[in-house]
Amino acid sequence: MNSSTRMVLSAALFIAALFVPQVPALQPYLTQIAFLWVMILFALTWDVLGGQMGYNSFGNILYFGLGMYATAVIQRDLYFTVEEYANVAGGEQAALTTAEYLFGLGLGMGTGALLAVIVAALLGSGILGLRGHYFAICTLGLGIAAGELASGWDYIGAGSGLVTPLLPDALGERGPFFYYVFLILAVIAFLVLRRLYAGQFGLAINAIRDDEDKAEALGLHTTRYKTVAWCVSAFFLALTGGAFGNLVIFIDPTDVAFAGPTFGVWMVLMAILGGKGTLWGPVIGATVFHVTQELFWTYLFGWQRVALGLLIVVVVVFFPLGIVGWMRERWPKRFGEVVDAEARKAQISLEGES
Amino acid sequence: MTDLLKIDRVCKSFGGVVANDAVSLSVPEGAIIGLIGPNGSGKTTLFNSIVGYHPIDSGSIRFRGEELSALRTAEIARLGLLRTFQQTRIFGKMNCVQNMQISVPHVGDSFMTMWRRFPPEVTERAESLLKFVGLYAKRQLRAEDLSFGQQKLLEFAMALMNEPKALLLDEPTAGINPTLINGLIDRLKRAHAEFGITLFVIEHNMRVIMNLAEYIYCLAHGELLANGTPEQIQNDQRVIEAYLGGH
């Protein structure tokens with residue numbers, strides 16, 4: 001597949017995605033399909049560190065929850081006092097005008113993203129000095145600690161959670177509205193990452209993945225690249241979290257916001273399933289994962305977790321490189337890799353002029 | 001000639017093993033200096049100390065007058081003092097051109113340069129240096145698909161791409177096909193002459209080092225055993241004994 005066919009295909013996919021909410025048959029599933037874009041965002045943002053940089057993080061869920069809480073708190077505090085809000089929460093009265101709602105959501109998501117970037121920069125400059133398993137284990141604690149903290153903090157609803165304001169009627173149903181929010185976010189994240197991977201940033205984090213000592217020996221600012229990579233990931237995750245809280249309306253500290261055992265693990269699985277360290281891998285992995293998960297839930301109810309577990313085992317054993325990784329090994333030419341048997345076998349010579 | 005690199009009474013021990021014991025030597029600007037010695041004599045340890053891979057116990061290492069012993073590896077590399085590894089290190093999953101592109105000098109990197117795409121000049125320079133080491137035909141292959149010797153040449157090209165002032169080469173010809181060795185010596189000499197890079201070379205192959213270096217230091221048991229021109233070293237009884245196991 002050359003680059004122009006790929007462009008046409010991507011554009012066609014995007015246009016098709018724009019029209020999905022207009023298809024009557026798909027109406028009941030819109031929230032589910034909006035979830036798909038969220039899954040793609042999870043996998044894409046995880047892959048920045050996990051795939052492209054070779055740092056397996058189990059704590060990225062921290063930024064998702066952070067963005068979610070920041071957004072919800074700002075939406076609340078802009079127009080209500082905490083007491084007022086506690087009384088109306090869950091009731092019909094928590095309605096805002098369209099302008100108020102959109103301003104609150106936008107300001108909240110922006111602030112959440114900024115906060116997440118700051119936290120990622122602070123945490124990153126500390127724990128990104130750890131390598132391999134040590135880093136992975138350290139990040140595992142982050143999500144858990146954040147969940148515990150959120151469960152104990154009354155200002156953000158503590159263990160009983162936080163309710164987001166209702167979507168004003170003028171903006172239509174929640175399903176289609178957030179479908180578009182997440183679609184746009186996912187497309188922007190994809191394009192930004194594609195651009196970053198194509199330049200010095202992409203090669204630098206790949207170099208860190210392949211041999212960090214060598215990267216340092218060449219004078220690369222490895223700590224700077226690692227920290228920025230985590231900030232990029234945190235930025236998009238916080239935006240996703242901010243909108244996600246509004247989609248599901250109710251924020252539970254450990255089951256929704258800092259949901260390490262579900263979302264936190266899924267983002268790793270989806271990226272591996274699709275192919276770590278490839279651009280399309282996380283997108284395809286998230287799609288396959290989400291669709292099969294929904295199917296298992298529908299047709300294998302009661303056994304859905306078992307089926308999911310089996311799927312993971314099959315993928316890890318038979319496709320350790322993931323779907324895209326496997327395809328790339330099988331048809332390298334279609335991925336723009338030059339497989340020149342002549343060049344591979346060619347004897348090199350250093351005689352004479354070069 | 002002024003001293004580009006000056007090492008003064010550097011000591012380094014690992015537990016009870018004294019790897020470098022009060023080693024002093026100097027590498028003048030524009031020279032090709034050799035470092036030889038039997039296995040385990042502390043050559044690579046000295047290289048590691050110079051480039052900040054591990055802290056030294058005592059002594060001083062100065063590069064263009066600047067003390068290196070408190071700096072980190074990447075900072076030292078950005079000063080223009082680069083090393084290659086005995087166990088060749090390249091970026092395996094990236095192709096040769098990408099390996100070269102990311103090896104550009106990083107001394108002027110700011111927060112903004114990390115977002116840039118590589119300008120065409122960088123790619124052109126990468127390709128011309130790959131031609132220089134004979135790897136041009138393989139430029140699109142992943143570095144891990146190259147043979148060991150070819151990876152060694154790639155690593156050398158990457159070092160040149162970094163535009164160092166001095167290059168520390170740890171056994172540049174080990175594992176290289178004998179038919180390529182003469183070509184490699186030629187490339188090392190040309191890198192020295194055309195790019196003006198000072199070379200400090202660890203080498204076991206006596207034919208190579210005698211041919212290449214203008215002045216040689218010999219280490220044994222972590223101490224400086226002898227130093228002199230290749231002729232003096234070749235005829236030094238202590239050096240011959242050290243290599244034949246006379247110690």
# chains A, B, ... in the order shown; residues from 1 in each chain; ligands from 1
call {"tool": "interface_residues", "arguments": {"of": "chain B", "to": "chain A", "cutoff": "7 Å", "atoms": "only C-alpha atoms", "output": "PyMOL selection string"}}
result
chain B and resi 73-75+77-78+82+89+91-93+102-103+106+114-118+131-135+137-138+140-141+180+183-184
call {"tool": "select_by_dssp", "arguments": {"residues": "stretch 159-283 of chain A", "states": "strand (DSSP E)", "output": "CSV table (one decimal) with all heavy atoms, in the first residue's frame"}}
result
chain,number,residue,atom,x,y,z
A,162,LEU,N,-18.6,11.6,42.1
A,162,LEU,CA,-19.0,13.0,41.6
A,162,LEU,C,-19.8,12.9,40.4
A,162,LEU,O,-19.6,12.0,39.5
A,162,LEU,CB,-17.7,13.7,41.3
A,162,LEU,CG,-17.7,15.2,41.1
A,162,LEU,CD1,-18.2,15.9,42.3
A,162,LEU,CD2,-16.3,15.7,40.8
A,163,VAL,N,-20.9,13.7,40.4
A,163,VAL,CA,-21.8,13.7,39.2
A,163,VAL,C,-21.5,14.9,38.3
A,163,VAL,O,-21.3,16.0,38.8
A,163,VAL,CB,-23.2,13.7,39.7
A,163,VAL,CG1,-24.2,13.7,38.5
A,163,VAL,CG2,-23.5,12.5,40.5
A,250,PHE,N,-21.5,9.8,35.9
A,250,PHE,CA,-21.1,9.5,37.3
A,250,PHE,C,-19.6,9.1,37.4
A,250,PHE,O,-19.2,8.1,36.7
A,250,PHE,CB,-22.0,8.4,37.9
A,250,PHE,CG,-21.5,8.0,39.3
A,250,PHE,CD1,-21.7,8.9,40.4
A,250,PHE,CD2,-21.0,6.8,39.6
A,250,PHE,CE1,-21.3,8.6,41.7
A,250,PHE,CE2,-20.5,6.4,40.8
A,250,PHE,CZ,-20.7,7.3,41.9
A,251,ILE,N,-18.8,9.8,38.2
A,251,ILE,CA,-17.4,9.5,38.4
A,251,ILE,C,-17.2,8.7,39.7
A,251,ILE,O,-17.3,9.3,40.8
A,251,ILE,CB,-16.5,10.8,38.4
A,251,ILE,CG1,-16.8,11.6,37.1
A,251,ILE,CG2,-15.1,10.4,38.5
A,251,ILE,CD1,-16.1,12.9,37.1
call {"tool": "select_by_dssp", "arguments": {"residues": "stretch 167-264 of chain A", "states": "helix (DSSP H, G or I)", "output": "count of residues only"}}
result
83
call {"tool": "residues_around", "arguments": {"residues": "stretch 313-329 of chain A", "least_positions_apart": "5", "cutoff": "8 Å", "atoms": "only C-alpha atoms", "output": "PyMOL selection string"}}
result
chain A and resi 271-276+278+280-281+284-285+334-335
call {"tool": "residues_around", "arguments": {"residues": "A:Trp153", "least_positions_apart": "6", "cutoff": "12 Å", "atoms": "only C-alpha atoms", "output": "ChimeraX atom specification"}}
result
/A:69,146-147,159-162,253
call {"tool": "residues_around", "arguments": {"residues": "stretch 7-10 of chain B", "least_positions_apart": "5", "cutoff": "6 Å", "atoms": "only C-alpha atoms", "output": "PDB file with all heavy atoms, in the first residue's frame"}}
result
ATOM      1  N   ALA B  22      46.436   5.069  39.184  1.00  0.00           N
ATOM      2  CA  ALA B  22      47.213   6.289  38.915  1.00  0.00           C
ATOM      3  C   ALA B  22      47.681   6.376  37.467  1.00  0.00           C
ATOM      4  O   ALA B  22      48.870   6.546  37.188  1.00  0.00           O
ATOM      5  CB  ALA B  22      48.387   6.396  39.873  1.00  0.00           C
ATOM      6  N   VAL B  23      46.741   6.235  36.544  1.00  0.00           N
ATOM      7  CA  VAL B  23      47.086   6.318  35.126  1.00  0.00           C
ATOM      8  C   VAL B  23      47.119   7.784  34.700  1.00  0.00           C
ATOM      9  O   VAL B  23      46.176   8.526  34.948  1.00  0.00           O
ATOM     10  CB  VAL B  23      46.056   5.548  34.274  1.00  0.00           C
ATOM     11  CG1 VAL B  23      46.346   5.728  32.792  1.00  0.00           C
ATOM     12  CG2 VAL B  23      46.035   4.078  34.647  1.00  0.00           C
ATOM     13  N   SER B  24      48.224   8.176  34.090  1.00  0.00           N
ATOM     14  CA  SER B  24      48.323   9.532  33.554  1.00  0.00           C
ATOM     15  C   SER B  24      48.708   9.440  32.088  1.00  0.00           C
ATOM     16  O   SER B  24      49.620   8.695  31.735  1.00  0.00           O
ATOM     17  CB  SER B  24      49.393  10.343  34.272  1.00  0.00           C
ATOM     18  OG  SER B  24      49.068  10.482  35.624  1.00  0.00           O
ATOM     19  N   LEU B  25      48.008  10.148  31.252  1.00  0.00           N
ATOM     20  CA  LEU B  25      48.423  10.217  29.855  1.00  0.00           C
ATOM     21  C   LEU B  25      47.788  11.437  29.223  1.00  0.00           C
ATOM     22  O   LEU B  25      46.884  12.048  29.795  1.00  0.00           O
ATOM     23  CB  LEU B  25      48.076   8.941  29.086  1.00  0.00           C
ATOM     24  CG  LEU B  25      46.642   8.415  29.074  1.00  0.00           C
ATOM     25  CD1 LEU B  25      45.828   9.139  28.025  1.00  0.00           C
ATOM     26  CD2 LEU B  25      46.642   6.921  28.792  1.00  0.00           C
ATOM     27  N   SER B  26      48.263  11.790  28.045  1.00  0.00           N
ATOM     28  CA  SER B  26      47.658  12.941  27.387  1.00  0.00           C
ATOM     29  C   SER B  26      47.524  12.680  25.901  1.00  0.00           C
ATOM     30  O   SER B  26      48.321  11.964  25.299  1.00  0.00           O
ATOM     31  CB  SER B  26      48.458  14.208  27.659  1.00  0.00           C
ATOM     32  OG  SER B  26      49.775  14.002  27.242  1.00  0.00           O
ATOM     33  N   SER B  58      39.689   8.749  42.111  1.00  0.00           N
ATOM     34  CA  SER B  58      40.504   9.944  42.314  1.00  0.00           C
ATOM     35  C   SER B  58      41.208  10.277  41.014  1.00  0.00           C
ATOM     36  O   SER B  58      41.204   9.484  40.080  1.00  0.00           O
ATOM     37  CB  SER B  58      41.537   9.708  43.423  1.00  0.00           C
ATOM     38  OG  SER B  58      42.427   8.696  43.018  1.00  0.00           O
ATOM     39  N   GLY B  59      41.781  11.451  40.965  1.00  0.00           N
ATOM     40  CA  GLY B  59      42.464  11.886  39.761  1.00  0.00           C
ATOM     41  C   GLY B  59      41.648  12.895  39.006  1.00  0.00           C
ATOM     42  O   GLY B  59      40.608  13.358  39.485  1.00  0.00           O
ATOM     43  N   SER B  60      42.139  13.269  37.843  1.00  0.00           N
ATOM     44  CA  SER B  60      41.437  14.294  37.079  1.00  0.00           C
ATOM     45  C   SER B  60      41.478  13.969  35.595  1.00  0.00           C
ATOM     46  O   SER B  60      42.464  13.427  35.086  1.00  0.00           O
ATOM     47  CB  SER B  60      42.079  15.655  37.391  1.00  0.00           C
ATOM     48  OG  SER B  60      42.394  16.340  36.219  1.00  0.00           O
ATOM     49  N   ILE B  61      40.370  14.259  34.925  1.00  0.00           N
ATOM     50  CA  ILE B  61      40.297  14.065  33.476  1.00  0.00           C
ATOM     51  C   ILE B  61      39.859  15.392  32.891  1.00  0.00           C
ATOM     52  O   ILE B  61      38.779  15.896  33.223  1.00  0.00           O
ATOM     53  CB  ILE B  61      39.275  12.965  33.119  1.00  0.00           C
ATOM     54  CG1 ILE B  61      39.656  11.635  33.772  1.00  0.00           C
ATOM     55  CG2 ILE B  61      39.150  12.822  31.612  1.00  0.00           C
ATOM     56  CD1 ILE B  61      38.587  10.580  33.686  1.00  0.00           C
TER      57      ILE B  61
END
call {"tool": "atom_distance", "arguments": {"atom1": "atom CA of B:Val239", "atom2": "atom CA of B:Asp3"}}
result
25.1 Å
call {"tool": "atom_distance", "arguments": {"atom1": "atom CA of B:Pro55", "atom2": "atom CA of B:Glu203"}}
result
23.9 Å
call {"tool": "residues_around", "arguments": {"residues": "stretch 161-165 of chain B", "least_positions_apart": "3", "cutoff": "7 Å", "atoms": "only C-alpha atoms", "output": "PyMOL selection string"}}
result
chain B and resi 80-82+100+103-105+126+157-158+197-198
call {"tool": "residues_around", "arguments": {"residues": "stretch 124-132 of chain A", "least_positions_apart": "6", "cutoff": "9 Å", "atoms": "only C-alpha atoms", "output": "CSV table (one decimal) with all heavy atoms, in the first residue's frame"}}
result
chain,number,residue,atom,x,y,z
A,54,GLY,N,9.7,2.0,24.7
A,54,GLY,CA,10.1,0.8,25.4
A,54,GLY,C,10.0,1.0,26.9
A,54,GLY,O,10.7,0.2,27.6
A,55,TYR,N,9.2,1.9,27.4
A,55,TYR,CA,9.0,2.0,28.8
A,55,TYR,C,7.6,1.6,29.1
A,55,TYR,O,6.6,2.3,28.8
A,55,TYR,CB,9.2,3.5,29.3
A,55,TYR,CG,10.6,3.8,29.7
A,55,TYR,CD1,11.6,3.8,28.7
A,55,TYR,CD2,11.0,4.0,31.0
A,55,TYR,CE1,12.9,4.1,29.0
A,55,TYR,CE2,12.3,4.3,31.3
A,55,TYR,CZ,13.3,4.3,30.3
A,55,TYR,OH,14.6,4.6,30.6
A,56,ASN,N,7.4,0.4,29.7
A,56,ASN,CA,6.0,-0.1,30.0
A,56,ASN,C,5.5,0.6,31.2
A,56,ASN,O,6.0,0.5,32.3
A,56,ASN,CB,6.1,-1.6,30.2
A,56,ASN,CG,6.4,-2.3,29.0
A,56,ASN,OD1,5.8,-2.1,27.9
A,56,ASN,ND2,7.4,-3.2,29.1
A,138,CYS,N,7.0,0.7,39.5
A,138,CYS,CA,6.8,2.0,40.1
A,138,CYS,C,5.5,2.7,39.6
A,138,CYS,O,4.8,3.3,40.4
A,138,CYS,CB,8.0,2.9,39.9
A,138,CYS,SG,8.0,4.4,40.8
A,139,THR,N,5.3,2.6,38.3
A,139,THR,CA,4.1,3.3,37.8
A,139,THR,C,2.8,2.5,38.3
A,139,THR,O,1.7,3.1,38.3
A,139,THR,CB,4.1,3.3,36.3
A,139,THR,OG1,4.2,1.9,35.8
A,139,THR,CG2,5.2,4.1,35.7
A,223,THR,N,16.7,12.4,29.2
A,223,THR,CA,15.7,12.7,30.2
A,223,THR,C,14.6,13.6,29.7
A,223,THR,O,13.4,13.4,29.9
A,223,THR,CB,16.3,13.3,31.4
A,223,THR,OG1,17.5,12.5,31.8
A,223,THR,CG2,15.4,13.4,32.6
A,224,ARG,N,15.0,14.6,28.9
A,224,ARG,CA,14.1,15.5,28.3
A,224,ARG,C,13.1,14.8,27.4
A,224,ARG,O,11.9,15.0,27.5
A,224,ARG,CB,14.9,16.6,27.5
A,224,ARG,CG,14.0,17.7,27.0
A,224,ARG,CD,14.7,18.6,26.0
A,224,ARG,NE,15.8,19.4,26.6
A,224,ARG,CZ,16.6,20.1,25.9
A,224,ARG,NH1,16.6,20.1,24.6
A,224,ARG,NH2,17.5,20.9,26.5
A,226,LYS,N,12.3,11.7,27.3
A,226,LYS,CA,11.4,10.7,28.1
A,226,LYS,C,10.3,11.5,28.8
A,226,LYS,O,9.1,11.1,28.7
A,226,LYS,CB,12.2,9.9,29.1
A,226,LYS,CG,13.1,8.9,28.4
A,226,LYS,CD,13.8,8.0,29.4
A,226,LYS,CE,14.8,8.6,30.3
A,226,LYS,NZ,15.5,7.7,31.2
A,227,THR,N,10.7,12.6,29.4
A,227,THR,CA,9.7,13.3,30.1
A,227,THR,C,8.6,13.9,29.2
A,227,THR,O,7.4,13.9,29.5
A,227,THR,CB,10.4,14.5,31.0
A,227,THR,OG1,11.4,13.9,31.7
A,227,THR,CG2,9.4,15.1,31.9
A,228,VAL,N,9.1,14.5,28.1
A,228,VAL,CA,8.1,15.1,27.1
A,228,VAL,C,7.2,14.0,26.6
A,228,VAL,O,6.0,14.3,26.4
A,228,VAL,CB,8.9,15.9,26.0
A,228,VAL,CG1,8.0,16.3,24.9
A,228,VAL,CG2,9.5,17.1,26.6
A,230,TRP,N,6.1,11.4,28.0
A,230,TRP,CA,5.1,11.1,29.0
A,230,TRP,C,4.1,12.3,29.1
A,230,TRP,O,2.9,12.1,29.3
A,230,TRP,CB,5.7,10.8,30.4
A,230,TRP,CG,5.0,9.8,31.1
A,230,TRP,CD1,4.0,8.9,30.5
A,230,TRP,CD2,5.1,9.4,32.5
A,230,TRP,NE1,3.6,8.0,31.5
A,230,TRP,CE2,4.2,8.4,32.7
A,230,TRP,CE3,5.8,9.9,33.5
A,230,TRP,CZ2,4.0,7.8,33.9
A,230,TRP,CZ3,5.7,9.3,34.8
A,230,TRP,CH2,4.8,8.3,35.0
A,231,CYS,N,4.6,13.5,28.9
A,231,CYS,CA,3.7,14.7,29.0
A,231,CYS,C,2.7,14.6,27.8
A,231,CYS,O,1.5,15.0,28.0
A,231,CYS,CB,4.5,16.0,28.9
A,231,CYS,SG,5.4,16.3,30.4
